[in-house]
$ cat my_file.cif   # mmCIF, C-alpha atoms and all ligand atoms
data_work
#
loop_
_atom_site.label_atom_id
_atom_site.label_comp_id
_atom_site.auth_asym_id
_atom_site.auth_seq_id
_atom_site.Cartn_x
_atom_site.Cartn_y
_atom_site.Cartn_z
CA ASN A 26 -18.86 97.88 221.26
CA THR A 27 -16.64 94.83 221.68
CA ALA A 28 -16.41 94.05 218.00
CA LEU A 29 -15.09 97.48 217.19
CA LYS A 30 -12.67 97.35 220.08
CA CYS A 31 -11.40 94.08 218.64
CA ILE A 32 -10.76 95.72 215.31
CA GLY A 33 -9.10 98.65 216.97
CA GLN A 34 -6.73 96.39 218.87
CA ALA A 35 -5.87 94.28 215.87
CA ILE A 36 -5.36 97.32 213.69
CA GLY A 37 -3.46 99.27 216.30
CA THR A 38 -0.55 96.87 216.30
CA GLN A 39 -0.18 96.29 212.61
CA VAL A 40 1.47 97.88 209.64
CA ASP A 41 -0.01 97.71 206.14
CA HIS A 42 0.16 94.11 205.12
CA GLY A 43 -1.77 93.78 201.85
CA ALA A 44 -2.87 90.54 200.26
CA GLY A 45 0.50 88.81 200.40
CA GLN A 46 0.84 89.03 204.13
CA ALA A 47 -2.79 88.47 205.03
CA LYS A 48 -2.05 84.90 206.05
CA GLN A 49 0.64 86.02 208.43
CA LEU A 50 -1.68 88.58 209.94
CA ILE A 51 -4.40 85.97 210.48
CA GLY A 52 -1.84 83.59 211.96
CA GLU A 53 -0.67 86.21 214.42
CA ALA A 54 -4.25 86.91 215.50
CA LEU A 55 -4.97 83.20 215.99
CA LYS A 56 -1.83 82.75 218.00
CA ALA A 57 -2.31 85.87 220.16
CA ARG A 58 -5.83 84.84 221.10
CA VAL A 59 -4.91 81.26 221.97
CA GLU A 60 -1.79 82.24 223.91
CA ALA A 61 -3.85 84.64 226.03
CA ILE A 62 -5.87 81.72 227.41
CA ASP A 63 -4.66 80.01 230.56
CA HIS A 64 -6.20 76.64 229.81
CA ASP A 65 -5.63 75.33 233.34
CA VAL A 66 -7.72 77.96 235.11
CA CYS A 67 -9.82 79.68 232.45
CA GLY A 68 -13.54 80.25 232.94
CA VAL A 69 -16.33 78.48 231.13
CA GLY A 70 -16.32 79.46 227.48
CA ASP A 71 -12.93 81.20 227.52
CA GLU A 72 -11.51 78.47 225.33
CA ASP A 73 -14.51 78.38 222.99
CA ALA A 74 -13.94 78.23 219.25
CA PHE A 75 -13.44 81.66 217.68
CA PHE A 76 -13.11 83.22 214.26
CA VAL A 77 -10.48 85.49 212.82
CA ALA A 78 -11.97 87.62 210.04
CA ASP A 79 -9.83 89.54 207.61
CA LEU A 80 -11.92 92.46 206.39
CA GLY A 81 -9.18 93.20 203.86
CA GLU A 82 -10.14 89.99 202.06
CA VAL A 83 -13.75 91.21 201.69
CA TYR A 84 -12.38 94.47 200.29
CA ARG A 85 -10.15 92.63 197.79
CA GLN A 86 -13.05 90.49 196.66
CA HIS A 87 -15.03 93.63 195.96
CA LEU A 88 -12.25 95.10 193.81
CA ARG A 89 -12.05 91.78 191.97
CA TRP A 90 -15.81 91.86 191.38
CA LYS A 91 -15.67 95.39 189.99
CA LYS A 92 -12.81 94.43 187.68
CA ASN A 93 -14.52 91.33 186.27
CA LEU A 94 -18.22 92.15 186.48
CA ALA A 95 -18.24 95.92 186.06
CA ARG A 96 -21.78 95.89 184.72
CA VAL A 97 -23.27 94.00 187.66
CA LYS A 98 -23.99 95.95 190.85
CA PRO A 99 -23.56 93.50 193.73
CA HIS A 100 -26.23 93.16 196.42
CA TYR A 101 -24.60 91.08 199.14
CA ALA A 102 -26.74 88.12 200.25
CA VAL A 103 -26.92 88.85 203.99
CA LYS A 104 -28.05 85.28 204.81
CA CYS A 105 -24.62 83.98 203.93
CA ASN A 106 -22.92 85.73 206.84
CA PRO A 107 -24.62 88.68 208.56
CA ASP A 108 -21.44 89.68 210.39
CA PRO A 109 -21.91 93.33 211.42
CA GLN A 110 -18.41 94.47 210.43
CA VAL A 111 -18.67 92.79 207.04
CA LEU A 112 -22.01 94.53 206.48
CA ARG A 113 -20.52 97.82 207.60
CA LEU A 114 -17.61 97.52 205.17
CA LEU A 115 -19.87 96.49 202.29
CA ALA A 116 -22.20 99.40 203.02
CA ALA A 117 -19.23 101.76 202.98
CA MET A 118 -18.20 100.33 199.59
CA ASP A 119 -21.65 101.18 198.21
CA VAL A 120 -22.63 97.53 197.82
CA GLY A 121 -26.38 96.82 197.89
CA PHE A 122 -28.02 94.10 199.99
CA ASP A 123 -30.14 91.04 199.29
CA CYS A 124 -32.30 90.40 202.34
CA ALA A 125 -34.50 87.36 202.90
CA SER A 126 -36.39 88.27 206.07
CA LYS A 127 -37.62 91.12 208.24
CA ASN A 128 -34.60 90.86 210.54
CA GLU A 129 -32.11 91.06 207.68
CA ILE A 130 -33.88 94.12 206.26
CA ASP A 131 -33.93 95.70 209.72
CA MET A 132 -30.23 95.05 210.30
CA VAL A 133 -29.27 96.69 207.01
CA LEU A 134 -31.60 99.66 207.45
CA LYS A 135 -30.23 100.26 210.94
CA MET A 136 -26.79 100.79 209.38
CA GLY A 137 -28.25 103.78 207.58
CA VAL A 138 -28.45 102.08 204.18
CA ASP A 139 -31.05 103.64 201.89
CA PRO A 140 -33.98 101.26 201.25
CA SER A 141 -33.43 101.60 197.50
CA ARG A 142 -30.19 99.61 197.96
CA ILE A 143 -32.08 96.61 199.31
CA ILE A 144 -33.81 93.83 197.41
CA TYR A 145 -36.12 91.59 199.41
CA ALA A 146 -35.13 88.54 197.37
CA GLN A 147 -37.51 85.95 198.75
CA PRO A 148 -40.30 84.86 196.39
CA CYS A 149 -42.45 83.43 199.21
CA LYS A 150 -42.76 86.05 201.92
CA THR A 151 -44.44 86.26 205.32
CA LYS A 152 -47.29 88.78 205.22
CA SER A 153 -46.17 90.83 208.21
CA TYR A 154 -42.69 91.03 206.66
CA VAL A 155 -44.19 92.47 203.49
CA ARG A 156 -45.96 95.09 205.61
CA PHE A 157 -42.62 95.84 207.29
CA ALA A 158 -40.94 96.23 203.90
CA ALA A 159 -43.74 98.56 202.77
CA GLN A 160 -43.51 100.68 205.94
CA ASN A 161 -39.76 100.99 205.40
CA HIS A 162 -39.94 101.68 201.66
CA VAL A 163 -38.03 98.57 200.65
CA LYS A 164 -39.70 98.33 197.29
CA GLN A 165 -37.66 95.81 195.33
CA MET A 166 -38.84 92.25 195.86
CA THR A 167 -39.08 88.98 193.95
CA PHE A 168 -42.04 86.70 193.24
CA ASP A 169 -42.52 83.47 191.34
CA ASN A 170 -46.18 82.55 191.83
CA ALA A 171 -49.72 83.89 191.57
CA ASP A 172 -50.48 83.89 195.30
CA GLU A 173 -47.55 86.18 195.93
CA LEU A 174 -48.98 88.61 193.41
CA TYR A 175 -52.33 88.70 195.21
CA LYS A 176 -50.46 89.17 198.51
CA THR A 177 -48.44 92.03 197.05
CA GLN A 178 -51.51 93.73 195.64
CA GLN A 179 -53.14 93.60 199.05
CA LEU A 180 -50.13 94.70 201.13
CA PHE A 181 -47.72 96.64 198.95
CA PRO A 182 -49.08 97.54 195.52
CA GLU A 183 -46.26 100.04 194.94
CA ALA A 184 -43.62 97.30 195.14
CA GLU A 185 -41.10 96.98 192.32
CA LEU A 186 -41.36 93.33 191.40
CA PHE A 187 -38.82 90.96 189.90
CA LEU A 188 -40.14 87.75 188.37
CA ARG A 189 -37.82 84.99 189.51
CA ILE A 190 -37.39 82.28 186.92
CA SER A 191 -36.04 78.77 187.45
CA THR A 192 -32.63 77.75 186.13
CA ASP A 193 -30.65 74.64 185.37
CA ASP A 194 -28.75 74.48 188.69
CA SER A 195 -27.71 70.83 188.40
CA ALA A 196 -24.01 71.73 188.55
CA SER A 197 -24.29 73.71 191.80
CA LEU A 198 -23.58 72.77 195.43
CA CYS A 199 -26.96 73.91 196.75
CA ARG A 200 -29.82 73.70 194.30
CA LEU A 201 -32.40 76.42 194.70
CA SER A 202 -34.59 75.99 191.62
CA GLN A 203 -36.19 72.89 193.13
CA LYS A 204 -37.86 75.31 195.50
CA PHE A 205 -38.03 78.67 193.73
CA GLY A 206 -38.43 80.08 190.26
CA ALA A 207 -41.23 80.13 187.70
CA SER A 208 -40.81 77.87 184.70
CA LEU A 209 -40.85 79.53 181.31
CA ASP A 210 -44.22 78.05 180.47
CA SER A 211 -45.79 79.93 183.39
CA THR A 212 -44.14 83.35 183.06
CA MET A 213 -46.62 84.77 180.52
CA GLU A 214 -49.55 83.84 182.73
CA LEU A 215 -47.91 85.44 185.77
CA LEU A 216 -47.16 88.62 183.88
CA GLU A 217 -50.75 88.78 182.64
CA LEU A 218 -52.01 88.43 186.19
CA ALA A 219 -49.61 91.15 187.38
CA LYS A 220 -50.97 93.39 184.64
CA LYS A 221 -54.54 92.65 185.67
CA LEU A 222 -53.68 93.47 189.31
CA ASP A 223 -52.01 96.69 188.18
CA LEU A 224 -48.68 95.69 189.73
CA ASN A 225 -45.31 97.07 188.76
CA VAL A 226 -43.02 94.33 187.40
CA VAL A 227 -39.63 95.94 186.80
CA GLY A 228 -37.36 93.02 186.06
CA VAL A 229 -36.38 89.37 186.07
CA ALA A 230 -34.32 87.55 188.70
CA PHE A 231 -32.64 84.16 188.66
CA HIS A 232 -30.16 82.16 190.71
CA VAL A 233 -28.07 79.42 189.09
CA GLY A 234 -27.61 77.62 192.43
CA SER A 235 -25.21 78.36 195.26
CA GLY A 236 -21.67 77.24 194.56
CA ALA A 237 -22.29 77.03 190.82
CA SER A 238 -19.65 75.37 188.70
CA ASP A 239 -20.98 75.46 185.14
CA PRO A 240 -20.77 78.86 183.41
CA LYS A 241 -23.23 77.57 180.80
CA ALA A 242 -25.97 77.84 183.44
CA PHE A 243 -25.53 81.63 183.27
CA ILE A 244 -25.80 81.68 179.47
CA LYS A 245 -29.09 79.77 179.51
CA ALA A 246 -30.47 81.84 182.39
CA VAL A 247 -29.64 85.13 180.64
CA GLN A 248 -31.27 83.86 177.43
CA ASP A 249 -34.39 82.86 179.37
CA ALA A 250 -34.47 86.23 181.11
CA ARG A 251 -34.35 87.91 177.70
CA LEU A 252 -37.40 85.93 176.67
CA VAL A 253 -39.31 87.06 179.75
CA PHE A 254 -38.27 90.69 179.18
CA ASP A 255 -39.78 90.38 175.68
CA GLN A 256 -42.97 88.80 177.02
CA ALA A 257 -43.27 91.66 179.50
CA ALA A 258 -42.69 94.28 176.81
CA ASN A 259 -45.53 92.76 174.76
CA LEU A 260 -47.83 93.25 177.73
CA GLY A 261 -46.80 96.87 178.15
CA PHE A 262 -44.37 96.49 181.08
CA ASN A 263 -41.19 98.49 180.99
CA MET A 264 -38.72 96.10 182.59
CA HIS A 265 -35.44 97.85 183.34
CA THR A 266 -33.42 95.60 185.69
CA LEU A 267 -32.01 92.09 185.48
CA ASP A 268 -30.97 90.35 188.72
CA VAL A 269 -28.40 87.60 188.01
CA GLY A 270 -28.45 86.26 191.59
CA GLY A 271 -25.52 84.62 193.32
CA GLY A 272 -23.71 81.33 192.86
CA PHE A 273 -20.20 82.70 192.40
CA THR A 274 -17.44 81.01 194.33
CA GLY A 275 -14.46 83.05 195.44
CA ASP A 276 -11.93 80.67 193.95
CA GLU A 277 -10.19 80.67 190.57
CA THR A 278 -13.42 79.76 188.77
CA PHE A 279 -14.72 83.28 189.32
CA GLU A 280 -12.90 84.98 186.43
CA PRO A 281 -13.99 82.50 183.71
CA MET A 282 -17.53 82.46 185.12
CA ALA A 283 -17.65 86.27 185.16
CA ALA A 284 -16.32 86.43 181.59
CA VAL A 285 -19.08 84.12 180.33
CA LEU A 286 -21.75 86.05 182.21
CA SER A 287 -20.50 89.44 181.00
CA GLU A 288 -20.45 88.23 177.42
CA SER A 289 -24.03 86.91 177.62
CA LEU A 290 -25.25 90.10 179.27
CA ASP A 291 -23.78 92.19 176.49
CA ALA A 292 -25.17 89.86 173.85
CA TYR A 293 -28.75 89.87 175.17
CA PHE A 294 -29.25 93.09 177.11
CA PRO A 295 -28.50 96.64 175.92
CA PRO A 296 -26.50 98.88 178.27
CA SER A 297 -29.73 100.69 179.20
CA VAL A 298 -30.79 97.62 181.22
CA ARG A 299 -29.49 97.82 184.76
CA VAL A 300 -27.94 94.59 186.06
CA ILE A 301 -27.66 93.62 189.71
CA GLY A 302 -26.38 90.44 191.42
CA GLU A 303 -26.78 88.78 194.80
CA PRO A 304 -23.36 87.29 195.64
CA GLY A 305 -23.02 85.75 199.09
CA ARG A 306 -20.22 83.23 199.53
CA TYR A 307 -18.06 85.05 196.98
CA TYR A 308 -17.48 87.92 199.40
CA VAL A 309 -16.92 86.12 202.69
CA SER A 310 -15.92 82.51 202.24
CA THR A 311 -12.15 83.10 202.31
CA ALA A 312 -12.29 85.97 204.81
CA PHE A 313 -13.01 83.84 207.90
CA THR A 314 -10.81 81.30 209.65
CA ILE A 315 -12.05 79.37 212.68
CA ALA A 316 -9.91 78.02 215.53
CA CYS A 317 -11.17 75.10 217.64
CA HIS A 318 -9.84 73.49 220.76
CA VAL A 319 -9.14 69.76 221.02
CA ILE A 320 -11.18 68.87 224.11
CA ALA A 321 -10.75 65.10 224.11
CA ARG A 322 -9.07 62.24 222.30
CA ARG A 323 -9.62 58.51 222.01
CA THR A 324 -6.93 56.16 220.89
CA VAL A 325 -7.99 53.48 218.43
CA ALA A 326 -5.55 50.59 218.36
CA ASP A 327 -6.04 48.01 215.64
CA ALA A 328 -4.33 44.86 216.89
CA THR A 329 -4.74 43.04 213.60
CA LEU A 330 -3.15 45.75 211.50
CA GLY A 331 -0.84 46.89 214.26
CA THR A 332 -1.86 50.52 213.68
CA THR A 333 -2.86 53.32 216.02
CA SER A 334 -5.17 56.14 215.02
CA TYR A 335 -7.00 58.76 217.06
CA MET A 336 -10.46 60.24 217.37
CA LEU A 337 -10.22 63.94 218.17
CA TYR A 338 -13.14 65.79 219.76
CA LEU A 339 -13.35 69.54 219.15
CA ASN A 340 -15.44 72.18 220.87
CA ASP A 341 -17.31 72.96 217.65
CA GLY A 342 -19.04 70.71 215.15
CA VAL A 343 -21.81 70.27 212.62
CA TYR A 344 -24.46 71.56 215.03
CA GLY A 345 -22.32 74.68 215.40
CA ASN A 346 -20.15 76.54 212.93
CA PHE A 347 -19.48 73.42 210.91
CA SER A 348 -23.14 73.37 209.91
CA SER A 349 -21.74 74.06 206.43
CA ILE A 350 -20.83 70.36 206.23
CA ILE A 351 -24.50 69.43 206.39
CA PHE A 352 -26.20 72.41 204.74
CA ASP A 353 -23.53 73.56 202.33
CA HIS A 354 -21.79 70.28 201.41
CA GLN A 355 -18.39 71.56 202.49
CA ASN A 356 -15.33 69.59 203.59
CA PRO A 357 -13.36 71.90 205.89
CA VAL A 358 -9.66 71.07 206.00
CA PRO A 359 -8.09 70.89 209.47
CA CYS A 360 -4.70 72.45 210.12
CA LEU A 361 -2.75 72.37 213.37
CA LEU A 362 -2.20 75.69 215.11
CA LYS A 363 1.11 75.76 216.86
CA CYS A 364 1.88 78.29 219.51
CA GLY A 365 4.80 79.14 221.78
CA ASN A 366 8.13 78.75 220.03
CA ASP A 367 6.77 76.34 217.47
CA VAL A 368 6.33 77.35 213.88
CA LEU A 369 2.92 78.94 213.71
CA TYR A 370 0.33 78.53 211.04
CA ASP A 371 0.14 76.25 208.11
CA VAL A 372 2.06 73.39 209.58
CA ARG A 373 0.44 71.03 207.12
CA ARG A 374 3.50 70.17 205.14
CA SER A 375 4.24 68.15 202.06
CA GLY A 376 5.02 64.49 202.58
CA TYR A 377 1.61 63.43 203.83
CA ASP A 378 2.10 59.89 202.74
CA THR A 379 5.29 59.32 204.65
CA PRO A 380 5.10 56.28 206.94
CA SER A 381 5.19 58.54 209.98
CA MET A 382 1.82 60.15 209.19
CA VAL A 383 -0.74 59.79 211.96
CA GLU A 384 -4.39 59.20 211.10
CA TYR A 385 -7.29 61.02 212.78
CA SER A 386 -11.01 61.34 212.59
CA ILE A 387 -12.37 64.66 213.88
CA TRP A 388 -15.62 64.98 215.81
CA GLY A 389 -17.79 67.74 217.23
CA PRO A 390 -18.74 68.12 220.91
CA THR A 391 -22.37 66.94 220.84
CA CYS A 392 -23.65 63.48 221.70
CA ASP A 393 -24.81 62.79 218.16
CA GLY A 394 -22.87 60.40 215.92
CA ILE A 395 -23.58 62.56 212.87
CA ASP A 396 -21.44 65.27 214.44
CA VAL A 397 -18.27 64.50 212.50
CA ILE A 398 -16.04 67.08 210.83
CA SER A 399 -13.62 64.72 209.10
CA GLN A 400 -13.87 60.94 208.82
CA SER A 401 -10.20 60.63 208.06
CA CYS A 402 -7.28 63.00 207.85
CA THR A 403 -3.58 62.74 208.56
CA PHE A 404 -1.00 64.90 210.25
CA PRO A 405 2.73 64.49 210.40
CA GLN A 406 2.66 64.63 214.19
CA VAL A 407 0.66 63.56 217.21
CA ILE A 408 -2.11 65.94 218.23
CA ASP A 409 -2.91 66.15 221.93
CA VAL A 410 -5.83 67.22 224.06
CA GLY A 411 -5.38 70.97 224.54
CA ASP A 412 -4.01 71.60 221.03
CA TRP A 413 -5.85 73.93 218.68
CA LEU A 414 -6.85 73.27 215.10
CA TYR A 415 -7.84 75.89 212.59
CA PHE A 416 -9.88 75.72 209.39
CA GLU A 417 -9.70 78.29 206.61
CA ASN A 418 -12.51 79.36 204.25
CA MET A 419 -15.15 79.29 206.98
CA GLY A 420 -16.97 82.53 206.16
CA ALA A 421 -19.96 81.29 204.17
CA TYR A 422 -23.02 79.55 205.60
CA THR A 423 -21.25 78.65 208.84
CA LYS A 424 -22.03 80.70 211.93
CA CYS A 425 -25.34 81.91 210.47
CA SER A 426 -26.75 78.39 210.61
CA ALA A 427 -25.21 77.27 213.92
CA THR A 428 -27.58 75.83 216.55
CA ARG A 429 -27.48 75.55 220.34
CA PHE A 430 -28.04 71.79 220.34
CA ASN A 431 -26.77 70.08 223.53
CA GLY A 432 -26.55 73.44 225.26
CA PHE A 433 -23.52 74.66 223.36
CA THR A 434 -23.32 78.31 222.38
CA ASP A 435 -24.21 79.46 218.89
CA SER A 436 -22.36 82.71 219.31
CA HIS A 437 -18.60 82.80 218.91
CA ASP A 438 -16.19 85.69 219.09
CA VAL A 439 -14.75 87.17 215.94
CA VAL A 440 -11.30 88.73 216.08
CA TYR A 441 -11.14 91.22 213.24
CA VAL A 442 -7.99 92.04 211.33
CA CYS A 443 -7.65 94.07 208.18
CA SER A 444 -4.93 93.39 205.62
CA GLU A 445 -5.97 96.24 203.30
CA PRO A 446 -5.35 99.91 204.11
CA GLY A 447 -8.22 100.86 201.77
CA ALA A 448 -10.68 98.95 203.91
CA ARG A 449 -9.31 100.45 207.11
CA ALA A 450 -9.76 103.92 205.71
CA LEU A 451 -13.37 103.19 204.79
CA LEU A 452 -14.05 101.89 208.29
CA SER A 453 -12.17 104.82 209.87
CA LEU A 454 -9.89 102.44 211.74
N1 LIG B 1 -29.79 85.10 196.44
C1 LIG B 1 -30.68 84.19 196.84
C2 LIG B 1 -32.11 84.42 196.53
C3 LIG B 1 -30.28 83.04 197.52
O1 LIG B 1 -31.19 82.14 197.91
C4 LIG B 1 -28.89 82.87 197.82
C5 LIG B 1 -28.43 81.70 198.53
O2 LIG B 1 -29.14 80.83 198.95
C6 LIG B 1 -28.00 83.87 197.41
C7 LIG B 1 -28.48 84.97 196.72
C8 LIG B 1 -26.53 83.79 197.69
O3 LIG B 1 -25.95 82.78 196.94
P1 LIG B 1 -24.40 82.56 196.92
O4 LIG B 1 -23.92 82.51 198.31
O5 LIG B 1 -24.22 81.28 196.20
O6 LIG B 1 -23.78 83.68 196.16
#
$ encode --input "my_file.cif" --output "structure tokens" --more "lines below"
Ligand code: PLP
Amino acid sequence: NTALKCIGQAIGTQVDHGAGQAKQLIGEALKARVEAIDHDVCGVGDEDAFFVADLGEVYRQHLRWKKNLARVKPHYAVKCNPDPQVLRLLAAMDVGFDCASKNEIDMVLKMGVDPSRIIYAQPCKTKSYVRFAAQNHVKQMTFDNADELYKTQQLFPEAELFLRISTDDSASLCRLSQKFGASLDSTMELLELAKKLDLNVVGVAFHVGSGASDPKAFIKAVQDARLVFDQAANLGFNMHTLDVGGGFTGDETFEPMAAVLSESLDAYFPPSVRVIGEPGRYYVSTAFTIACHVIARRTVADATLGTTSYMLYLNDGVYGNFSSIIFDHQNPVPCLLKCGNDVLYDVRRSGYDTPSMVEYSIWGPTCDGIDVISQSCTFPQVIDVGDWLYFENMGAYTKCSATRFNGFTDSHDVVYVCSEPGARALLSL
């Protein structure tokens, strides 16, 4: 198992670093990997882009979640980054899983996770996948329309159903309620149909949009969920679980967002109601750093202005791990990785606007003009073909949506490090 060997090697040479030294640990891993490549003779793919993943960061995010959202049991949204070691760590931390397809359910079950820890959180499901869920006793699933209820009655009448309601997700990066979620004027009708079909509706689910930025969206969604709980009670359902979805970013907005959500939960739902969530990016965004190789460069001389800028071509782009630029509206920030005797890591310094700054645009390796990572960025030094750049915060919605367009690989190595002893103990490393 190469991945595990990778962890073993990274762990074997390190002392306990903790959060403060995580950056240094990641930097050392980036540098070690790049320095091991002989760029003049290496084989095809040896200098491919690669990730460094700090499992300690995932662990820290979990502790932060428990501190700020004690009432909400997280079910990690596998779609965001199905990295096997991340899943393994989350499983060991007793986190549940939000799966959106047969393969995601299969992957989680194969780790030995009990089916009761999985929610099949996809309101519009493929029939054979529903049969698979039924065969494997994955009972919790969401719905938001009448056809799904008929489908469930036919294929899995014992399912524990969550009625997904729409939300105001206008302040989020990726809006989901355009596609999913019943409006409040249709919930009563759906519940009546579920009753008629003798189905078991156990709760309400919502998602305020991925990368949410307005805590008020949670207040409104919790209020709406309360309303639907009351509608269900009037029809004789005994709803017992609220699913508050995902949407949390891992940055400093998490604490205020969590405080608002916790307050609304306590205001509208008694402690007897179980609350679960489906965080994705929150857990992994900051845990992954990607390193890319500068494969080519074009000099752009502007005779009129008397300036010189450069177009840099990397071996990864928007059809690969930078798919997050297109699908997730991200703007990854390039940093120069320096090896040898140079200062390593984080060489982006202050003084960007000094006259000596050099301007670059950064492009991916495919033939398509849309394949651009940064239209304009500056560095205080000249970057050459053969240099390496790295980008932090590349854990969410990146490698999971990479393609093989132009014949490039969609599978890149991950070098695992672990800056938290607690996580290493859980993984028996
Ligand atoms: N749950 C569902 C149903 C989703 O569709 C998504 C993302 O698309 C998530 C959870 C994860 O969202 P996030 O990464 O914003 O936490």
$ closest_atom_pairs --input "my_file.cif" --of "chain A" --to "ligand LIG 1 (chain B)" --cutoff "6 Å" --atoms "all atoms listed in the file" --output "CSV"
residue,atom,partner,partner_atom,distance
A:Ala102,CA,B:LIG1,C8,5.0
A:Cys105,CA,B:LIG1,O4,5.9
A:Ala146,CA,B:LIG1,C2,5.2
A:Ser235,CA,B:LIG1,O5,3.2
A:Gly236,CA,B:LIG1,O5,5.1
A:Gly270,CA,B:LIG1,N1,5.2
A:Gly271,CA,B:LIG1,O6,3.5
A:Gly272,CA,B:LIG1,O5,3.4
A:Phe273,CA,B:LIG1,O6,5.3
A:Glu303,CA,B:LIG1,C7,4.6
A:Pro304,CA,B:LIG1,O6,3.7
A:Gly305,CA,B:LIG1,O4,3.5
A:Arg306,CA,B:LIG1,O4,4.0
A:Tyr307,CA,B:LIG1,O6,5.9
$ atom_distance --input "my_file.cif" --atom1 "atom CA of A:Val343" --atom2 "atom CA of A:Phe279"
27.6 Å
$ residues_around --input "my_file.cif" --residues "A:Ala74" --least-positions-apart "5" --cutoff "7 Å" --atoms "only C-alpha atoms" --output "list of chain:residue names"
A:Ile315, A:Ala316, A:Cys317, A:His318, A:Asn340, A:Asp341, A:His437
$ residues_around --input "my_file.cif" --residues "A:Tyr84" --least-positions-apart "3" --cutoff "12 Å" --atoms "only C-alpha atoms" --output "JSON, numbers by chain"
{"A": [43, 44, 78, 79, 80, 81, 87, 88, 89, 90, 91, 110, 111, 112, 113, 114, 115, 116, 117, 118, 119, 120, 307, 308, 309, 311, 312, 443, 444, 445, 446, 447, 448, 449, 450, 451, 452]}
$ write_last_selection --input "my_file.cif" --atoms "C-alpha atoms" --output "PDB file, in the frame of the given file"
ATOM      1  CA  GLY A  43      -1.770  93.780 201.850  1.00  0.00           C
ATOM      2  CA  ALA A  44      -2.870  90.540 200.260  1.00  0.00           C
ATOM      3  CA  ALA A  78     -11.970  87.620 210.040  1.00  0.00           C
ATOM      4  CA  ASP A  79      -9.830  89.540 207.610  1.00  0.00           C
ATOM      5  CA  LEU A  80     -11.920  92.460 206.390  1.00  0.00           C
ATOM      6  CA  GLY A  81      -9.180  93.200 203.860  1.00  0.00           C
ATOM      7  CA  HIS A  87     -15.030  93.630 195.960  1.00  0.00           C
ATOM      8  CA  LEU A  88     -12.250  95.100 193.810  1.00  0.00           C
ATOM      9  CA  ARG A  89     -12.050  91.780 191.970  1.00  0.00           C
ATOM     10  CA  TRP A  90     -15.810  91.860 191.380  1.00  0.00           C
ATOM     11  CA  LYS A  91     -15.670  95.390 189.990  1.00  0.00           C
ATOM     12  CA  GLN A 110     -18.410  94.470 210.430  1.00  0.00           C
ATOM     13  CA  VAL A 111     -18.670  92.790 207.040  1.00  0.00           C
ATOM     14  CA  LEU A 112     -22.010  94.530 206.480  1.00  0.00           C
ATOM     15  CA  ARG A 113     -20.520  97.820 207.600  1.00  0.00           C
ATOM     16  CA  LEU A 114     -17.610  97.520 205.170  1.00  0.00           C
ATOM     17  CA  LEU A 115     -19.870  96.490 202.290  1.00  0.00           C
ATOM     18  CA  ALA A 116     -22.200  99.400 203.020  1.00  0.00           C
ATOM     19  CA  ALA A 117     -19.230 101.760 202.980  1.00  0.00           C
ATOM     20  CA  MET A 118     -18.200 100.330 199.590  1.00  0.00           C
ATOM     21  CA  ASP A 119     -21.650 101.180 198.210  1.00  0.00           C
ATOM     22  CA  VAL A 120     -22.630  97.530 197.820  1.00  0.00           C
ATOM     23  CA  TYR A 307     -18.060  85.050 196.980  1.00  0.00           C
ATOM     24  CA  TYR A 308     -17.480  87.920 199.400  1.00  0.00           C
ATOM     25  CA  VAL A 309     -16.920  86.120 202.690  1.00  0.00           C
ATOM     26  CA  THR A 311     -12.150  83.100 202.310  1.00  0.00           C
ATOM     27  CA  ALA A 312     -12.290  85.970 204.810  1.00  0.00           C
ATOM     28  CA  CYS A 443      -7.650  94.070 208.180  1.00  0.00           C
ATOM     29  CA  SER A 444      -4.930  93.390 205.620  1.00  0.00           C
ATOM     30  CA  GLU A 445      -5.970  96.240 203.300  1.00  0.00           C
ATOM     31  CA  PRO A 446      -5.350  99.910 204.110  1.00  0.00           C
ATOM     32  CA  GLY A 447      -8.220 100.860 201.770  1.00  0.00           C
ATOM     33  CA  ALA A 448     -10.680  98.950 203.910  1.00  0.00           C
ATOM     34  CA  ARG A 449      -9.310 100.450 207.110  1.00  0.00           C
ATOM     35  CA  ALA A 450      -9.760 103.920 205.710  1.00  0.00           C
ATOM     36  CA  LEU A 451     -13.370 103.190 204.790  1.00  0.00           C
ATOM     37  CA  LEU A 452     -14.050 101.890 208.290  1.00  0.00           C
TER      38      LEU A 452
END
$ axis_aligned_box --input "my_file.cif" --around "stretch 431-443 of chain A" --padding-each-side "6 Å" --output "lines of an AutoDock Vina configuration file"
center_x = -17.2
center_y = 82.1
center_z = 216.7
size_x = 31.1
size_y = 36.0
size_z = 29.1
$ residues_around --input "my_file.cif" --residues "A:Asp249" --least-positions-apart "5" --cutoff "9 Å" --atoms "all atoms listed in the file" --output "VMD selection string"
chain A and resid 190 192 209 244 254
$ write_last_selection --input "my_file.cif" --atoms "C-alpha atoms" --output "mmCIF file, in the coordinates of the input"
data_model
loop_
_atom_site.group_PDB
_atom_site.id
_atom_site.type_symbol
_atom_site.label_atom_id
_atom_site.label_comp_id
_atom_site.auth_asym_id
_atom_site.auth_seq_id
_atom_site.Cartn_x
_atom_site.Cartn_y
_atom_site.Cartn_z
ATOM 1 C CA ILE A 190 -37.390 82.280 186.920
ATOM 2 C CA THR A 192 -32.630 77.750 186.130
ATOM 3 C CA LEU A 209 -40.850 79.530 181.310
ATOM 4 C CA ILE A 244 -25.800 81.680 179.470
ATOM 5 C CA PHE A 254 -38.270 90.690 179.180
#
$ closest_residue --input "my_file.cif" --among "A:Val285, A:Ile398, A:Cys124, A:Ala242" --to "A:Ser349" --atoms "only C-alpha atoms"
A:Ile398
